[in-house]
file protein_13.cif (mmCIF, C-alpha atoms)
data_my_file
loop_
_atom_site.label_atom_id
_atom_site.label_comp_id
_atom_site.auth_asym_id
_atom_site.auth_seq_id
_atom_site.Cartn_x
_atom_site.Cartn_y
_atom_site.Cartn_z
CA MET A 22 36.14 9.52 -10.11
CA ASN A 23 35.27 9.42 -13.73
CA GLU A 24 34.02 12.81 -14.84
CA GLU A 25 31.78 11.33 -17.49
CA LEU A 26 30.19 9.12 -14.85
CA ASP A 27 29.58 12.13 -12.60
CA SER A 28 28.09 14.01 -15.51
CA GLN A 29 25.73 11.12 -16.14
CA LEU A 30 24.85 11.06 -12.45
CA SER A 31 23.99 14.76 -12.53
CA ALA A 32 21.78 14.25 -15.59
CA MET A 33 20.13 11.23 -14.03
CA PHE A 34 19.39 13.22 -10.91
CA ASP A 35 17.48 15.65 -13.12
CA ASP A 36 15.66 12.89 -15.03
CA GLU A 37 17.52 13.95 -18.14
CA LEU A 38 19.50 10.82 -18.88
CA PRO A 39 18.47 8.46 -21.70
CA PRO A 40 16.66 5.35 -20.39
CA ALA A 41 19.34 2.91 -21.52
CA GLU A 42 22.04 4.84 -19.65
CA CYS A 43 19.70 5.15 -16.66
CA GLU A 44 19.44 1.39 -16.37
CA LEU A 45 23.20 0.96 -16.23
CA LEU A 46 23.78 3.85 -13.87
CA ALA A 47 20.96 2.83 -11.54
CA ARG A 48 22.63 -0.54 -11.16
CA ARG A 49 25.93 1.08 -10.29
CA LEU A 50 24.34 3.70 -8.05
CA SER A 51 22.65 1.10 -5.90
CA ARG A 52 26.02 -0.57 -5.17
CA ASP A 53 28.60 2.22 -5.20
CA GLU A 54 28.61 4.01 -1.85
CA GLN A 55 30.76 6.88 -3.11
CA LEU A 56 28.42 7.47 -5.98
CA LYS A 57 25.48 7.28 -3.62
CA ALA A 58 27.06 9.85 -1.31
CA ARG A 59 27.57 12.20 -4.24
CA TRP A 60 23.95 11.65 -5.27
CA GLY A 61 22.91 12.55 -1.72
CA ARG A 62 24.97 15.74 -1.82
CA TYR A 63 23.27 16.73 -5.06
CA ALA A 64 19.99 16.48 -3.16
CA VAL A 65 21.40 18.62 -0.33
CA ILE A 66 22.53 21.25 -2.84
CA GLY A 67 19.04 21.40 -4.33
CA ALA A 68 17.42 21.69 -0.90
CA ALA A 69 19.83 24.44 0.10
CA ILE A 70 19.19 26.41 -3.10
CA ARG A 71 15.44 26.14 -2.58
CA ALA A 72 15.98 27.33 1.00
CA GLU A 73 13.58 24.74 2.36
CA ARG A 74 13.08 26.25 5.76
CA GLY A 75 12.75 23.89 8.69
CA VAL A 76 14.25 21.00 6.76
CA ARG A 77 17.39 19.75 8.39
CA LEU A 78 19.99 18.94 5.81
CA ASN A 79 21.97 16.69 8.13
CA ALA A 80 19.08 14.81 9.67
CA GLY A 81 20.30 11.32 8.92
CA LEU A 82 16.85 10.38 7.72
CA ALA A 83 18.16 8.30 4.82
CA SER A 84 20.38 6.31 7.19
CA ARG A 85 17.44 5.54 9.46
CA VAL A 86 15.24 4.52 6.55
CA SER A 87 18.02 2.35 5.16
CA ALA A 88 18.42 0.62 8.54
CA ALA A 89 14.68 0.03 8.75
CA ILE A 90 14.49 -1.28 5.20
CA SER A 91 17.35 -3.69 5.84
CA SER A 92 15.13 -5.56 8.28
CA GLU A 93 12.30 -5.68 5.77
CA PRO A 94 11.93 -8.71 3.50
CA THR A 95 13.56 -8.30 0.13
CA LEU A 96 11.19 -7.73 -2.73
CA THR A 97 11.86 -10.62 -5.03
CA ALA A 98 8.67 -10.79 -7.01
CA GLU A 99 8.32 -9.06 -10.32
CA PRO A 100 5.96 -6.10 -10.36
CA THR A 101 2.33 -7.10 -10.38
CA PRO A 102 1.25 -7.39 -14.03
CA GLN A 103 -1.88 -5.37 -13.43
CA PRO A 104 -2.40 -4.04 -16.97
CA GLU A 105 -2.33 -7.52 -18.48
CA LYS A 106 -4.58 -8.82 -15.73
CA ARG A 107 -7.03 -6.06 -16.33
CA PHE A 108 -6.97 -6.82 -20.03
CA ASN A 109 -7.69 -10.47 -19.35
CA ASN A 110 -10.53 -9.59 -17.04
CA ARG A 111 -12.12 -7.37 -19.63
CA TRP A 112 -12.70 -9.89 -22.38
CA TRP A 113 -16.27 -10.49 -21.22
CA GLN A 114 -17.20 -6.82 -21.03
CA PRO A 115 -18.18 -6.46 -24.73
CA VAL A 116 -20.18 -9.68 -24.46
CA VAL A 117 -22.06 -8.39 -21.45
CA SER A 118 -22.69 -5.07 -23.19
CA ALA A 119 -24.02 -6.80 -26.29
CA ALA A 120 -26.25 -9.04 -24.17
CA ALA A 121 -27.63 -6.04 -22.30
CA VAL A 122 -28.38 -4.21 -25.55
CA ALA A 123 -30.05 -7.30 -27.01
CA GLY A 124 -32.14 -7.74 -23.88
CA VAL A 125 -33.33 -4.13 -23.94
CA ALA A 126 -34.14 -4.45 -27.64
CA ALA A 127 -36.14 -7.66 -27.08
CA VAL A 128 -38.13 -6.12 -24.22
CA SER A 129 -38.80 -3.03 -26.33
CA ILE A 130 -40.08 -5.11 -29.26
CA LEU A 131 -42.36 -7.13 -27.02
CA TRP A 132 -43.67 -3.98 -25.38
CA LEU A 133 -44.28 -2.29 -28.72
CA ARG A 134 -46.14 -5.33 -29.99
CA SER A 135 -48.33 -5.36 -26.92
CA GLN A 136 -49.07 -1.66 -27.42
CA SER A 137 -49.85 -1.84 -31.14
CA PRO A 138 -53.55 -2.25 -32.15
CA GLU A 139 -54.61 -5.80 -32.74
CA VAL A 140 -55.30 -6.60 -36.32
CA THR A 141 -57.99 -9.19 -36.61
CA VAL A 142 -58.99 -10.30 -40.02
CA ALA A 143 -62.13 -12.21 -39.14
CA PRO A 144 -63.76 -13.60 -36.08
CA SER A 145 -63.49 -17.25 -35.54
CA VAL A 146 -65.11 -19.56 -33.15
CA ALA A 147 -62.69 -21.75 -31.29
CA GLN A 148 -65.30 -23.75 -29.62
CA THR A 149 -68.87 -22.80 -29.47
CA SER A 150 -71.25 -23.96 -26.85
CA VAL A 151 -74.80 -23.04 -26.67
CA LEU A 152 -75.67 -21.76 -23.27
CA PRO A 153 -78.98 -20.76 -21.82
CA ALA A 154 -79.76 -17.17 -22.52
CA GLY A 155 -79.85 -16.15 -18.87
CA ALA A 156 -76.69 -17.92 -17.87
CA THR A 157 -74.24 -15.59 -19.45
CA VAL A 158 -72.79 -12.29 -18.42
CA ALA A 159 -71.71 -10.06 -21.20
CA ALA A 160 -68.58 -8.20 -20.40
CA SER A 161 -67.74 -5.31 -22.52
CA MET A 162 -64.01 -4.91 -22.62
CA THR A 163 -62.00 -3.19 -25.25
CA GLY A 164 -65.06 -2.65 -27.33
CA SER A 165 -65.81 -6.29 -27.83
CA SER A 166 -68.34 -8.51 -26.19
CA ALA A 167 -67.20 -11.58 -24.36
CA VAL A 168 -69.40 -14.36 -23.20
CA VAL A 169 -68.44 -15.75 -19.82
CA PRO A 170 -70.14 -18.88 -18.66
CA VAL A 171 -71.72 -18.56 -15.28
CA GLY A 172 -73.29 -21.41 -13.48
CA ALA A 173 -72.47 -23.90 -16.17
CA VAL A 174 -70.40 -25.89 -13.77
CA SER A 175 -71.13 -29.26 -15.17
CA GLU A 176 -70.48 -28.32 -18.73
CA PRO A 177 -67.01 -28.29 -20.19
CA ASP A 178 -65.14 -24.97 -20.34
CA SER A 179 -65.69 -23.16 -23.57
CA TYR A 180 -65.33 -19.70 -24.97
CA VAL A 181 -66.38 -17.77 -27.93
CA VAL A 182 -64.01 -15.49 -29.75
CA PRO A 183 -65.87 -12.23 -29.95
CA LYS A 184 -66.87 -10.70 -33.19
CA SER A 185 -64.54 -8.18 -34.62
CA PRO A 186 -65.97 -4.70 -34.60
CA GLY A 187 -65.05 -4.64 -38.24
CA ARG A 188 -62.71 -1.73 -37.90
CA ARG A 189 -60.39 -1.09 -40.72
CA LEU A 190 -56.66 -1.55 -40.61
CA VAL A 191 -54.86 1.28 -38.90
CA VAL A 192 -52.45 1.68 -41.78
CA PRO A 193 -54.05 1.33 -45.18
CA SER A 194 -52.49 -1.17 -47.50
CA THR A 195 -51.54 1.50 -50.02
CA GLU A 196 -49.51 3.35 -47.44
CA LEU A 197 -47.84 0.14 -46.41
CA ALA A 198 -47.04 -0.60 -50.02
CA ASN A 199 -45.55 2.86 -50.44
CA TYR A 200 -43.59 2.40 -47.27
CA VAL A 201 -42.21 -0.91 -48.48
CA VAL A 202 -41.25 0.59 -51.84
CA ALA A 203 -39.65 3.63 -50.24
CA HIS A 204 -37.58 1.43 -47.96
CA SER A 205 -36.92 -1.26 -50.49
CA GLU A 206 -33.20 -0.78 -50.20
CA PHE A 207 -33.39 -2.31 -46.74
CA SER A 208 -35.29 -5.43 -47.75
CA SER A 209 -34.45 -8.39 -49.88
CA PRO A 210 -36.06 -8.60 -53.34
CA VAL A 211 -37.93 -11.80 -52.43
CA THR A 212 -39.44 -10.29 -49.29
CA ARG A 213 -40.35 -7.11 -51.13
CA ARG A 214 -42.07 -9.04 -53.92
CA ASN A 215 -44.02 -11.17 -51.47
CA LEU A 216 -45.18 -8.15 -49.53
CA LEU A 217 -46.29 -6.30 -52.62
CA SER A 218 -48.13 -9.36 -53.87
CA ALA A 219 -49.91 -9.62 -50.56
CA PHE A 220 -50.84 -5.94 -50.68
CA MET A 221 -52.17 -6.26 -54.22
CA ALA A 222 -54.24 -9.23 -53.21
CA SER A 223 -55.71 -7.44 -50.21
CA GLU A 224 -56.16 -4.24 -52.20
CA SER A 225 -58.78 -5.86 -54.40
CA GLY A 226 -61.04 -6.41 -51.39
CA THR A 227 -60.48 -3.04 -49.65
CA THR A 228 -60.24 -0.61 -52.50
CA GLY A 229 -62.97 1.57 -51.20
CA THR A 230 -61.49 1.99 -47.74
CA SER A 231 -57.93 2.80 -48.71
CA ALA A 232 -58.44 4.82 -51.82
CA GLY A 233 -57.47 8.45 -51.53
CA SER A 234 -55.55 7.90 -48.35
CA GLU A 235 -52.40 9.42 -49.85
CA GLU A 236 -54.16 12.65 -50.52
CA PRO A 237 -54.63 15.16 -47.74
CA THR A 238 -58.18 15.80 -46.67
CA GLU A 239 -59.97 18.87 -47.82
CA ASP A 240 -59.52 20.55 -44.45
CA VAL A 241 -55.80 20.09 -44.56
CA GLN A 242 -55.68 21.40 -48.10
CA ASP A 243 -57.62 24.45 -47.03
CA ASP A 244 -55.23 25.09 -44.15
CA ALA A 245 -52.31 24.88 -46.49
CA LYS A 246 -53.90 27.28 -48.91
CA ASN A 247 -55.02 29.79 -46.31
CA PRO A 248 -52.44 29.98 -43.56
CA GLN A 249 -53.57 32.27 -40.78
CA MET B 15 13.35 13.22 -22.42
CA SER B 16 10.61 11.33 -20.69
CA ALA B 17 10.14 12.40 -17.12
CA ASP B 18 10.75 10.06 -14.22
CA VAL B 19 12.93 7.69 -16.24
CA SER B 20 15.69 7.64 -13.66
CA ASP B 21 13.25 7.10 -10.81
CA LEU B 22 11.58 4.31 -12.68
CA SER B 23 14.86 2.54 -13.36
CA LEU B 24 15.64 2.70 -9.63
CA VAL B 25 12.12 1.55 -8.74
CA ARG B 26 12.43 -1.46 -11.04
CA ARG B 27 15.65 -2.41 -9.35
CA VAL B 28 14.02 -2.24 -5.93
CA GLN B 29 11.14 -4.35 -7.19
CA ARG B 30 13.68 -6.94 -8.25
CA GLY B 31 15.15 -7.01 -4.77
CA ASP B 32 17.86 -4.32 -4.88
CA LYS B 33 17.47 -2.43 -1.60
CA GLY B 34 20.41 -0.18 -2.42
CA ALA B 35 18.39 1.41 -5.20
CA PHE B 36 15.78 2.43 -2.65
CA ASP B 37 18.50 4.27 -0.70
CA ALA B 38 19.06 6.42 -3.78
CA LEU B 39 15.37 7.26 -3.97
CA VAL B 40 15.32 8.18 -0.28
CA LEU B 41 18.41 10.36 -0.66
CA LYS B 42 16.83 12.16 -3.57
CA TYR B 43 13.43 12.87 -2.05
CA GLN B 44 13.97 13.04 1.71
CA HIS B 45 14.14 16.83 1.90
CA LYS B 46 11.14 17.37 -0.32
CA LEU B 47 9.15 14.85 1.65
CA VAL B 48 10.01 16.40 5.01
CA LYS B 49 9.08 19.81 3.66
CA LEU B 50 5.76 18.39 2.46
CA VAL B 51 5.00 16.77 5.82
CA MET B 52 5.80 20.00 7.62
CA ARG B 53 2.60 21.40 6.22
CA TYR B 54 0.85 19.12 8.69
CA VAL B 55 3.23 19.13 11.65
CA ARG B 56 5.46 21.93 12.80
CA ASN B 57 8.05 19.94 14.61
CA PRO B 58 10.94 19.01 12.27
CA ALA B 59 11.72 15.83 14.21
CA GLU B 60 8.12 14.68 14.03
CA ALA B 61 8.06 15.50 10.32
CA GLU B 62 11.15 13.34 9.83
CA ASP B 63 9.53 10.48 11.73
CA ILE B 64 6.47 10.71 9.51
CA ALA B 65 8.62 10.91 6.39
CA GLN B 66 10.52 7.85 7.54
CA GLU B 67 7.27 5.98 8.06
CA ALA B 68 6.09 7.08 4.62
CA PHE B 69 9.28 5.78 3.01
CA ILE B 70 8.88 2.42 4.73
CA LYS B 71 5.24 2.22 3.66
CA ALA B 72 6.30 3.06 0.12
CA TYR B 73 8.88 0.31 0.16
CA ARG B 74 6.30 -2.23 1.30
CA ALA B 75 3.82 -1.06 -1.32
CA LEU B 76 6.38 -0.89 -4.12
CA PRO B 77 5.40 -4.27 -5.63
CA GLN B 78 2.03 -2.71 -6.46
CA PHE B 79 3.57 0.37 -8.07
CA ARG B 80 3.06 0.02 -11.81
CA GLY B 81 4.56 3.28 -12.98
CA ASP B 82 1.26 4.75 -14.17
CA SER B 83 2.15 7.93 -12.33
CA ALA B 84 5.49 9.46 -11.46
CA PHE B 85 7.19 7.84 -8.50
CA TYR B 86 7.38 11.06 -6.52
CA THR B 87 3.67 11.72 -7.07
CA TRP B 88 2.90 8.28 -5.70
CA LEU B 89 5.33 8.78 -2.82
CA TYR B 90 3.86 12.18 -1.96
CA ARG B 91 0.37 10.71 -1.73
CA ILE B 92 1.63 8.12 0.73
CA ALA B 93 3.36 10.82 2.75
CA ILE B 94 0.28 13.02 2.89
CA ASN B 95 -1.90 10.13 4.05
CA THR B 96 0.68 9.15 6.64
CA ALA B 97 0.89 12.72 7.91
CA LYS B 98 -2.89 13.06 8.14
CA ASN B 99 -3.17 9.78 10.04
CA ALA B 100 -0.37 10.84 12.36
CA VAL B 101 -2.11 14.12 13.13
CA VAL B 102 -5.40 12.34 13.81
CA SER B 103 -3.83 9.72 16.05
CA ARG B 104 -1.82 12.36 17.86
CA ASP B 105 -4.97 14.38 18.50
CA ARG B 106 -6.66 11.25 19.87
CA SER B 107 -3.69 10.34 22.01
CA PRO B 108 -4.62 10.30 25.72
CA ILE B 109 -1.30 11.80 26.68
CA GLU B 110 -1.84 14.64 24.31
CA TYR B 111 -5.35 15.06 25.62
CA ASP B 112 -4.18 15.24 29.21
CA LEU B 113 -1.53 17.74 28.36
CA ASP B 114 -3.97 19.87 26.44
CA ARG B 115 -6.61 19.72 29.13
CA ASN B 116 -4.14 20.58 31.83
CA ASN B 117 -3.34 23.43 29.64
CA THR B 118 -1.10 24.78 28.56
CA ASP B 119 1.29 26.41 26.34
CA GLU B 120 4.01 25.54 28.76
CA SER B 121 3.27 21.82 28.77
CA TYR B 122 2.86 21.83 24.99
CA ASP B 123 6.19 23.52 24.56
CA MET B 124 7.80 21.05 26.88
CA GLN B 125 6.37 18.17 24.90
CA GLY B 126 7.63 19.75 21.72
CA ARG B 127 11.09 20.11 23.13
CA MET B 128 11.09 16.51 24.26
CA LYS B 129 10.20 15.35 20.78
CA ASP B 130 12.67 17.58 19.04
CA PRO B 131 16.13 16.08 19.08
CA GLU B 132 17.48 19.16 17.39
CA THR B 133 20.76 20.07 18.93
CA PRO B 134 22.63 23.36 18.67
CA GLU B 135 25.38 21.50 16.86
CA GLY B 136 22.91 20.16 14.35
CA LEU B 137 21.47 23.58 13.75
CA VAL B 138 24.93 24.97 13.20
CA LEU B 139 25.67 22.29 10.64
CA THR B 140 22.47 22.93 8.72
CA ASP B 141 23.20 26.64 8.68
CA GLU B 142 26.76 25.99 7.62
CA ILE B 143 25.61 23.78 4.76
CA ARG B 144 23.25 26.49 3.56
CA SER B 145 25.79 29.25 3.79
CA THR B 146 28.41 27.11 2.06
CA VAL B 147 26.10 26.31 -0.82
CA ASN B 148 25.07 29.94 -1.17
CA ALA B 149 28.67 31.10 -1.12
CA ALA B 150 29.60 28.50 -3.71
CA ILE B 151 26.77 29.61 -5.97
CA ASP B 152 27.82 33.24 -5.66
CA ALA B 153 31.31 32.26 -6.73
CA LEU B 154 30.11 30.47 -9.87
CA PRO B 155 30.48 31.97 -13.33
CA GLU B 156 27.26 33.58 -14.51
CA ASP B 157 26.29 30.88 -17.01
CA LEU B 158 26.78 28.07 -14.49
CA ARG B 159 24.89 29.94 -11.77
CA THR B 160 21.97 30.68 -14.08
CA ALA B 161 21.75 27.07 -15.23
CA ILE B 162 21.78 25.53 -11.74
CA VAL B 163 19.33 28.09 -10.35
CA LEU B 164 16.91 27.62 -13.23
CA ARG B 165 17.07 23.90 -12.66
CA GLU B 166 16.88 23.70 -8.87
CA LEU B 167 14.89 26.78 -8.02
CA GLU B 168 12.56 27.07 -11.03
CA GLY B 169 12.43 23.35 -11.83
CA LEU B 170 12.92 23.86 -15.56
CA SER B 171 13.89 20.97 -17.80
CA TYR B 172 17.15 20.99 -19.71
CA GLU B 173 15.26 21.80 -22.88
CA GLU B 174 13.54 24.78 -21.27
CA ILE B 175 16.82 26.02 -19.84
CA ALA B 176 18.44 25.67 -23.25
CA ALA B 177 15.70 27.80 -24.76
CA ALA B 178 16.03 30.38 -21.99
CA MET B 179 19.81 30.56 -22.26
CA ASP B 180 19.87 30.17 -26.04
CA CYS B 181 22.29 27.27 -26.05
CA PRO B 182 22.23 23.54 -26.88
CA VAL B 183 20.79 21.05 -24.40
CA GLY B 184 24.19 19.38 -24.12
CA THR B 185 25.69 22.66 -22.96
CA VAL B 186 23.03 22.97 -20.30
CA ARG B 187 23.79 19.50 -19.05
CA SER B 188 27.49 20.34 -18.88
CA ARG B 189 26.90 23.65 -17.11
CA ILE B 190 24.66 22.12 -14.47
CA PHE B 191 27.12 19.33 -13.85
CA ARG B 192 30.04 21.73 -13.50
CA ALA B 193 28.02 23.94 -11.16
CA ARG B 194 27.19 20.95 -8.98
CA GLU B 195 30.80 19.82 -8.94
CA ALA B 196 31.99 23.25 -7.86
CA ILE B 197 29.41 23.42 -5.06
CA ASP B 198 30.06 19.83 -4.05
CA ARG B 199 33.78 20.47 -3.58
CA ARG B 200 32.97 23.12 -1.00
CA LEU B 201 30.29 20.99 0.57
CA ARG B 202 32.57 18.02 1.03
CA GLU B 203 34.93 20.23 3.01
CA VAL B 204 32.09 20.98 5.41
CA PHE B 205 31.12 17.37 5.87
CA GLU B 206 34.56 15.83 5.91
CA GLY B 207 36.69 18.53 7.44
CA GLY B 208 34.49 20.90 9.35
CA LEU B 209 32.13 18.88 11.45
CA GLY B 210 32.96 15.45 10.14
CA ARG B 211 29.46 14.16 9.53
CA VAL B 212 29.71 12.32 6.28
CA GLU B 213 27.72 9.50 7.78
CA GLU B 214 24.94 11.92 8.65
CA LEU B 215 24.65 13.32 5.20
CA GLY B 216 21.67 11.16 4.48
#

call {"tool": "encode", "arguments": {"input": "protein_13.cif", "output": "structure tokens"}}
result
Amino acid sequence: MNEELDSQLSAMFDDELPPAECELLARRLSRDEQLKARWGRYAVIGAAIRAERGVRLNAGLASRVSAAISSEPTLTAEPTPQPEKRFNNRWWQPVVSAAAVAGVAAVSILWLRSQSPEVTVAPSVAQTSVLPAGATVAASMTGSSAVVPVGAVSEPDSYVVPKSPGRRLVVPSTELANYVVAHSEFSSPVTRRNLLSAFMASESGTTGTSAGSEEPTEDVQDDAKNPQ
Amino acid sequence: MSADVSDLSLVRRVQRGDKGAFDALVLKYQHKLVKLVMRYVRNPAEAEDIAQEAFIKAYRALPQFRGDSAFYTWLYRIAINTAKNAVVSRDRSPIEYDLDRNNTDESYDMQGRMKDPETPEGLVLTDEIRSTVNAAIDALPEDLRTAIVLRELEGLSYEEIAAAMDCPVGTVRSRIFRAREAIDRRLREVFEGGLGRVEELG
């Protein structure tokens, strides 16, 4: 037998043969009975050196497995292309992730809007109906008075938008203007100009309420001056 | 060198319908697999039966093997599962139950003997193989003996052996091959001349 071939077989047994040579030798090994017998003896030598107690080195196990496999159907199909299949099945995963994130963001925005204080500029009457004085029940909810018609069955449904308590804006216009200026890098020039114009317009009517809002109150200034 | 390259080349051949390549895989791993199964069953014959079943299961499942893990790792998992199932089904076996309930160490030993086809001749051959290999290793030059022992006993790669022996990887490959050839010459005499069981080598 070719010594070089046996040397390759020994290296292949140890997983130390280059892949290209492995391919060629594997083909030969599967067909050459002498080579296969030598391969089997290499395994016996290893088992004997490791002194694998209880393992019979002449058991004939390989012969029995070979006989059993011969009655099995031959594997003709190529290996299942699982990695490619998995890749194909994953194309929608980023889409689903993006949709989930967008959904959470939308719900959060809606929830935040529902939680933020309502800014009402002026009360307006959608439809006013004059009801008898004793036929109304005033419900006081959220600090506003609502007029609910009671007993006015024959009259058309109507409601009155309650008067605004006249509370001031939660965030003064000046602070909003400062906020817009400070974050101007994130807004377009047109939007920024429009916002500032709107603030300036509203500022003329609410000067008294928003003035001095940037300055800390006297109490805060005292705390800063006299830390305890 | 990437590990498991030779196994993978054989596996690919089996997946393409070459049953002979599977014989090579069985020849290579049969002893390790039987040793593994013997952690679960004591009887060598039963361990061989389980190993045989594991090999057949592996063959049937080979189309699903993608090579993500080493072949022997995959094969060992199959063998362990097969051994565990065999132990469970054996424990649930009514025959086993009757024997156990009727006692006794004696009946258990008898059952074990019935399952164990080990013959005195077979035991002699296994012992002779071991003693032949050991004698052949003792007769090897020091550098060959060190190389083959580091490879087979310690499981070192050629590169690690080269570092340990302070020689090129090619020299390691040559030394291991020559050591195997020297041992194999003695071993063939046992199989061919002594007890004439070449066909039982597998």

call {"tool": "atom_distance", "arguments": {"input": "protein_13.cif", "atom1": "CA of Leu76 (chain B)", "atom2": "CA of Gln29 (chain B)"}}
result
6.6 Å

call {"tool": "closest_atom_pairs", "arguments": {"input": "protein_13.cif", "of": "chain B", "to": "chain A", "cutoff": "7 Å", "atoms": "only C-alpha atoms", "output": "Markdown table"}}
result
| residue | atom | partner | partner_atom | distance |
| --- | --- | --- | --- | --- |
| B:Met15 | CA | A:Glu37 | CA | 6.0 |
| B:Ala17 | CA | A:Asp36 | CA | 5.9 |
| B:Asp18 | CA | A:Asp36 | CA | 5.7 |
| B:Val19 | CA | A:Asp36 | CA | 6.0 |
| B:Ser20 | CA | A:Asp36 | CA | 5.4 |
| B:Ser23 | CA | A:Glu44 | CA | 5.6 |
| B:Leu24 | CA | A:Ala47 | CA | 5.7 |
| B:Val28 | CA | A:Leu96 | CA | 7.0 |
| B:Gln29 | CA | A:Leu96 | CA | 5.6 |
| B:Arg30 | CA | A:Thr97 | CA | 5.2 |
| B:Gly31 | CA | A:Leu96 | CA | 4.5 |
| B:Gly34 | CA | A:Ser51 | CA | 4.3 |
| B:Ala35 | CA | A:Ser51 | CA | 4.3 |
| B:Asp37 | CA | A:Ser87 | CA | 6.2 |
| B:Ala38 | CA | A:Lys57 | CA | 6.5 |
| B:Val40 | CA | A:Ala83 | CA | 5.8 |
| B:Leu41 | CA | A:Gly61 | CA | 5.1 |
| B:Lys42 | CA | A:Ala64 | CA | 5.4 |
| B:His45 | CA | A:Val76 | CA | 6.4 |
| B:Val48 | CA | A:Val76 | CA | 6.5 |
| B:Lys49 | CA | A:Val76 | CA | 6.1 |
| B:Pro58 | CA | A:Gly75 | CA | 6.3 |
| B:Glu62 | CA | A:Leu82 | CA | 6.8 |
| B:Gln66 | CA | A:Val86 | CA | 5.9 |
| B:Ile70 | CA | A:Ile90 | CA | 6.7 |
| B:Pro77 | CA | A:Pro100 | CA | 5.1 |
| B:Gln78 | CA | A:Thr101 | CA | 5.9 |
| B:Arg80 | CA | A:Pro100 | CA | 6.9 |
| B:Thr140 | CA | A:Leu78 | CA | 5.5 |
| B:Arg144 | CA | A:Ala69 | CA | 5.3 |
| B:Val147 | CA | A:Ile66 | CA | 6.5 |
| B:Glu166 | CA | A:Gly67 | CA | 5.5 |
| B:Leu167 | CA | A:Arg71 | CA | 5.5 |
| B:Arg187 | CA | A:Ala32 | CA | 6.6 |
| B:Phe191 | CA | A:Ser28 | CA | 5.7 |
| B:Arg194 | CA | A:Tyr63 | CA | 7.0 |
| B:Asp198 | CA | A:Arg62 | CA | 6.9 |
| B:Glu214 | CA | A:Gly81 | CA | 4.7 |
| B:Leu215 | CA | A:Asn79 | CA | 5.2 |
| B:Gly216 | CA | A:Ala83 | CA | 4.5 |

call {"tool": "resolve_selection", "arguments": {"input": "protein_13.cif", "expression": "the PyMOL selection byres ((chain B and resi 149) around 12)", "output": "PDB file with C-alpha atoms, keeping the file's coordinate frame"}}
result
ATOM      1  CA  ILE A  66      22.530  21.250  -2.840  1.00  0.00           C
ATOM      2  CA  ALA A  69      19.830  24.440   0.100  1.00  0.00           C
ATOM      3  CA  ILE A  70      19.190  26.410  -3.100  1.00  0.00           C
TER       4      ILE A  70
ATOM      5  CA  GLU B 142      26.760  25.990   7.620  1.00  0.00           C
ATOM      6  CA  ILE B 143      25.610  23.780   4.760  1.00  0.00           C
ATOM      7  CA  ARG B 144      23.250  26.490   3.560  1.00  0.00           C
ATOM      8  CA  SER B 145      25.790  29.250   3.790  1.00  0.00           C
ATOM      9  CA  THR B 146      28.410  27.110   2.060  1.00  0.00           C
ATOM     10  CA  VAL B 147      26.100  26.310  -0.820  1.00  0.00           C
ATOM     11  CA  ASN B 148      25.070  29.940  -1.170  1.00  0.00           C
ATOM     12  CA  ALA B 150      29.600  28.500  -3.710  1.00  0.00           C
ATOM     13  CA  ILE B 151      26.770  29.610  -5.970  1.00  0.00           C
ATOM     14  CA  ASP B 152      27.820  33.240  -5.660  1.00  0.00           C
ATOM     15  CA  ALA B 153      31.310  32.260  -6.730  1.00  0.00           C
ATOM     16  CA  LEU B 154      30.110  30.470  -9.870  1.00  0.00           C
ATOM     17  CA  ARG B 159      24.890  29.940 -11.770  1.00  0.00           C
ATOM     18  CA  ALA B 196      31.990  23.250  -7.860  1.00  0.00           C
ATOM     19  CA  ILE B 197      29.410  23.420  -5.060  1.00  0.00           C
ATOM     20  CA  ASP B 198      30.060  19.830  -4.050  1.00  0.00           C
ATOM     21  CA  ARG B 200      32.970  23.120  -1.000  1.00  0.00           C
ATOM     22  CA  LEU B 201      30.290  20.990   0.570  1.00  0.00           C
TER      23      LEU B 201
END

call {"tool": "residues_around", "arguments": {"input": "protein_13.cif", "residues": "Asp157 (chain B)", "least_positions_apart": "3", "cutoff": "9 Å", "atoms": "only C-alpha atoms", "output": "NGL selection string"}}
result
:B and (154 or 160-162 or 179 or 189)

call {"tool": "closest_residue", "arguments": {"input": "protein_13.cif", "among": "B:Val163, B:Leu158, B:Ile92, B:Val204", "to": "Thr185 (chain B)", "atoms": "all atoms listed in the file"}}
result
B:Leu158

call {"tool": "atom_distance", "arguments": {"input": "protein_13.cif", "atom1": "CA of Arg165 (chain B)", "atom2": "CA of Ala178 (chain B)"}}
result
11.4 Å

call {"tool": "atom_distance", "arguments": {"input": "protein_13.cif", "atom1": "CA of Leu131 (chain A)", "atom2": "CA of Arg214 (chain A)"}}
result
27.0 Å
